[in-house]
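Q: Quick one: the structure is below, questions incoming.
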Amino acid sequence: SSALRRVSLSHETHPYRRFLTSQFRSLQETGAPVDIHPEVEEALSHNKPVVALESTIITHGMPYPTSIDMARSVENTVRSTGCIPATIGIIDGRVKIGLEPSQLERLASRSGNPLKISRRDISAAIVSKRDGGTTCSSTLVFAALAGIKVFATGGLGGVHRGGENTLDVSADLHELTRCSVGLVCAGVKSILDIGRTLEYLETLGVPVISYRETKDFPAFYSRKSGHQAPWNVTNAIDAARVLHTHRQLGMTNGALFAVPIPERYEADGAVIQEAVELAVRESEEFGISKLGKEVTPWLLKRVGELTQGRSLESNVALVRNTALIGGQIAREYANLAW
Ligand code: PSU
Ligand code: MN
């Protein structure tokens, strides 16, 4: 029918579709070592919503088998919102945008000895045919490359405590200035200097938006950090509109949406906070805080030990929550015209 023809025609001529087609073509032409999962490619080319997910949280952020259970359940949460999940990682020197179940298992079990891959590591790790979990920074790179608009995870990296001296500032922050992706997370962990992280994001011009009734910026395990975000939104439509407006105005950087952990985990938050303080002190005492990329995984592991797994339970819950909100935002975004 003519109505159908119109739909498919407008589909082919849709600027987003054209953009993706050229992107895919140039990826193929350069022989880039990137495999976009057929389900993800199908969704992207029909302007169906996709949510990107990172994999350092799987390889270095949680112990096995919690990691694989979390990875699967978060993908299911994304599906429950009507979106397609694209967990991003590196397998045998190829970037996977959307992992097969066996590849997810391979990363989680660490059978291929995966590296923690941030932006700086990407190309050398590929040439060395390594496996890798992608951090927020490298996941942002690949989400943007594929044209995925929303990326959900637990915690963004940030300015480490003492960062004013050590210059240990996560590459995640700077990456948000390069990639036009909405990153949905539960704030930044209190293993970091949250105030300085927000200052740095302000300097970089990254929009920071609390996803709640107030501007309170959440602190991962607890709903409040004591710091304020400059903005808040209370629903997925407004969040999608912010991303959309940003793009309409030609601004090519990303935005950060911070969703507080569900209320029932708030009590655990206080207990976990004590463990965080102890772990940070230990990391300074043992010299861990000088070990670069090892610092964050060490602190995450130590907090898990000190809380006998309670931090892990909260962690899984908050990632599922951000995936749910991320899916809702991605769905609303797909309803907005380019
Ligand atoms: N915070 C968490 N869990 C994590 C990470 C951060 O609560 O798994 C991971 C994310 O992949 C993040 C990375 O992008 O650590 C930041 O590491 P670094 O501080 O080395 O930049
Ligand atoms: Mn660092």
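As shown in the structure tokens, the chain order sets the letters A, B, ...; within each chain, residues go from 1, and ligands are also counted from 1 in the order they appear.
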Need to verify the contact set: A:Val184, 8 Å, only C-alpha atoms, exclusion of same-chain residues closer than 5 positions in sequence. Can you return it as a ChimeraX atom specification?
A: /A:150-153,256-259,322-323,325-326
Q: With the cut-off set at 6 Å and counting only C-alpha atoms and all ligand atoms, tabulate each residue of chain A with an atom at most that distance from an atom of ligand 1, showing the nearest atom pair and its distance in Å to one decimal, ordered by chain and increasing number, as JSON lines.
A:
```
{"residue": "A:Thr56", "atom": "CA", "partner": "ligand 1", "partner_atom_place_in_ligand_line": "11 (O)", "distance": 4.4}
{"residue": "A:Ile57", "atom": "CA", "partner": "ligand 1", "partner_atom_place_in_ligand_line": "8 (O)", "distance": 3.5}
{"residue": "A:Gly61", "atom": "CA", "partner": "ligand 1", "partner_atom_place_in_ligand_line": "8 (O)", "distance": 3.7}
{"residue": "A:Thr135", "atom": "CA", "partner": "ligand 1", "partner_atom_place_in_ligand_line": "11 (O)", "distance": 3.5}
{"residue": "A:Cys136", "atom": "CA", "partner": "ligand 1", "partner_atom_place_in_ligand_line": "14 (O)", "distance": 3.6}
{"residue": "A:Ser137", "atom": "CA", "partner": "ligand 1", "partner_atom_place_in_ligand_line": "14 (O)", "distance": 5.9}
{"residue": "A:Gly154", "atom": "CA", "partner": "ligand 1", "partner_atom_place_in_ligand_line": "7 (O)", "distance": 5.8}
{"residue": "A:Gly155", "atom": "CA", "partner": "ligand 1", "partner_atom_place_in_ligand_line": "1 (N)", "distance": 4.2}
{"residue": "A:Leu156", "atom": "CA", "partner": "ligand 1", "partner_atom_place_in_ligand_line": "12 (C)", "distance": 5.2}
{"residue": "A:Gly157", "atom": "CA", "partner": "ligand 1", "partner_atom_place_in_ligand_line": "16 (C)", "distance": 4.1}
{"residue": "A:Ser170", "atom": "CA", "partner": "ligand 1", "partner_atom_place_in_ligand_line": "21 (O)", "distance": 3.7}
{"residue": "A:Ala171", "atom": "CA", "partner": "ligand 1", "partner_atom_place_in_ligand_line": "21 (O)", "distance": 5.5}
{"residue": "A:Asp172", "atom": "CA", "partner": "ligand 1", "partner_atom_place_in_ligand_line": "14 (O)", "distance": 5.8}
{"residue": "A:Lys189", "atom": "CA", "partner": "ligand 1", "partner_atom_place_in_ligand_line": "7 (O)", "distance": 5.8}
{"residue": "A:Lys293", "atom": "CA", "partner": "ligand 1", "partner_atom_place_in_ligand_line": "20 (O)", "distance": 4.2}
{"residue": "A:Thr296", "atom": "CA", "partner": "ligand 1", "partner_atom_place_in_ligand_line": "19 (O)", "distance": 5.0}
```
Q: Hey, can you spit out that residue selection with N, CA and C atoms as a PDB file, in the first residue's frame?
A:
```pdb
ATOM      1  N   THR A  56      33.788  -3.722  31.413  1.00  0.00           N
ATOM      2  CA  THR A  56      34.794  -3.759  32.499  1.00  0.00           C
ATOM      3  C   THR A  56      34.119  -4.120  33.812  1.00  0.00           C
ATOM      4  N   ILE A  57      32.884  -3.702  33.954  1.00  0.00           N
ATOM      5  CA  ILE A  57      32.134  -4.068  35.156  1.00  0.00           C
ATOM      6  C   ILE A  57      32.013  -5.600  35.253  1.00  0.00           C
ATOM      7  N   GLY A  61      34.933  -5.514  37.525  1.00  0.00           N
ATOM      8  CA  GLY A  61      34.138  -4.809  38.530  1.00  0.00           C
ATOM      9  C   GLY A  61      33.447  -5.723  39.523  1.00  0.00           C
ATOM     10  N   THR A 135      35.843  -0.099  29.413  1.00  0.00           N
ATOM     11  CA  THR A 135      35.408   0.832  30.472  1.00  0.00           C
ATOM     12  C   THR A 135      34.347   1.772  29.897  1.00  0.00           C
ATOM     13  N   CYS A 136      33.879   2.676  30.732  1.00  0.00           N
ATOM     14  CA  CYS A 136      32.937   3.673  30.216  1.00  0.00           C
ATOM     15  C   CYS A 136      33.558   4.432  29.047  1.00  0.00           C
ATOM     16  N   SER A 137      34.838   4.790  29.157  1.00  0.00           N
ATOM     17  CA  SER A 137      35.424   5.617  28.086  1.00  0.00           C
ATOM     18  C   SER A 137      35.425   4.879  26.757  1.00  0.00           C
ATOM     19  N   GLY A 154      26.707   1.143  35.952  1.00  0.00           N
ATOM     20  CA  GLY A 154      26.610   1.436  37.374  1.00  0.00           C
ATOM     21  C   GLY A 154      27.294   2.743  37.699  1.00  0.00           C
ATOM     22  N   GLY A 155      28.618   2.730  37.617  1.00  0.00           N
ATOM     23  CA  GLY A 155      29.363   3.911  38.029  1.00  0.00           C
ATOM     24  C   GLY A 155      30.333   4.406  36.986  1.00  0.00           C
ATOM     25  N   LEU A 156      30.338   5.704  36.815  1.00  0.00           N
ATOM     26  CA  LEU A 156      31.312   6.373  35.959  1.00  0.00           C
ATOM     27  C   LEU A 156      32.607   6.509  36.761  1.00  0.00           C
ATOM     28  N   GLY A 157      33.748   6.508  36.089  1.00  0.00           N
ATOM     29  CA  GLY A 157      34.998   6.864  36.754  1.00  0.00           C
ATOM     30  C   GLY A 157      34.996   8.354  37.057  1.00  0.00           C
ATOM     31  N   SER A 170      39.870   9.777  35.819  1.00  0.00           N
ATOM     32  CA  SER A 170      39.456   8.774  34.838  1.00  0.00           C
ATOM     33  C   SER A 170      39.277   9.369  33.444  1.00  0.00           C
ATOM     34  N   ALA A 171      39.696   8.591  32.443  1.00  0.00           N
ATOM     35  CA  ALA A 171      39.492   8.986  31.041  1.00  0.00           C
ATOM     36  C   ALA A 171      38.001   9.050  30.698  1.00  0.00           C
ATOM     37  N   ASP A 172      37.169   8.456  31.558  1.00  0.00           N
ATOM     38  CA  ASP A 172      35.709   8.500  31.316  1.00  0.00           C
ATOM     39  C   ASP A 172      35.212   9.938  31.211  1.00  0.00           C
ATOM     40  N   LYS A 189      31.148   6.564  42.487  1.00  0.00           N
ATOM     41  CA  LYS A 189      31.392   5.939  43.776  1.00  0.00           C
ATOM     42  C   LYS A 189      32.124   6.865  44.716  1.00  0.00           C
ATOM     43  N   LYS A 293      45.690   2.025  36.597  1.00  0.00           N
ATOM     44  CA  LYS A 293      44.401   1.422  36.267  1.00  0.00           C
ATOM     45  C   LYS A 293      43.971   0.321  37.235  1.00  0.00           C
ATOM     46  N   THR A 296      40.983   1.332  40.733  1.00  0.00           N
ATOM     47  CA  THR A 296      39.532   1.151  40.834  1.00  0.00           C
ATOM     48  C   THR A 296      39.154  -0.315  41.080  1.00  0.00           C
TER      49      THR A 296
END
```
Q: Write out as an mmCIF file with C-alpha atoms, in the first residue's frame which residues come within 7 Å of A:Arg178 when counting only C-alpha atoms, dropping same-chain ones fewer than 5 positions away.
A:
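What follows is the written file selection-v3.cif:
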```cif
data_model
loop_
_atom_site.group_PDB
_atom_site.id
_atom_site.type_symbol
_atom_site.label_atom_id
_atom_site.label_comp_id
_atom_site.auth_asym_id
_atom_site.auth_seq_id
_atom_site.Cartn_x
_atom_site.Cartn_y
_atom_site.Cartn_z
ATOM 1 C CA THR A 252 28.667 16.717 19.846
ATOM 2 C CA ASN A 253 29.515 15.940 23.456
ATOM 3 C CA GLY A 254 27.704 13.496 25.713
#
```
Q: DSSP on the backbone: what in stretch 63-142 of chain A comes out strand (DSSP E or B), as a VMD selection string?
A: chain A and resid 84 to 91 94 to 97 115 to 117 132 to 134
Q: Once you count only C-alpha atoms and all ligand atoms, which residues end up within 12 Å of ligand 2, and could you hand them over as a ChimeraX atom specification?
A: /A:116-118,120,135,137,156-163,166-173,191-192,288-299
Q: Let me make sure I understand: among A:Val271, A:Ile84, A:Val280, A:Leu107, which one has the smallest atom-to-atom distance to A:Asn47 if we use only C-alpha atoms?
A: A:Ile84
Q: When you draw a straight line from atom CA of A:Pro230 to atom CA of A:Ile209, how long is it in Å?
A: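 One can read the atom CA of A:Pro230 to atom CA of A:Ile209 distance as 6.7 Å.
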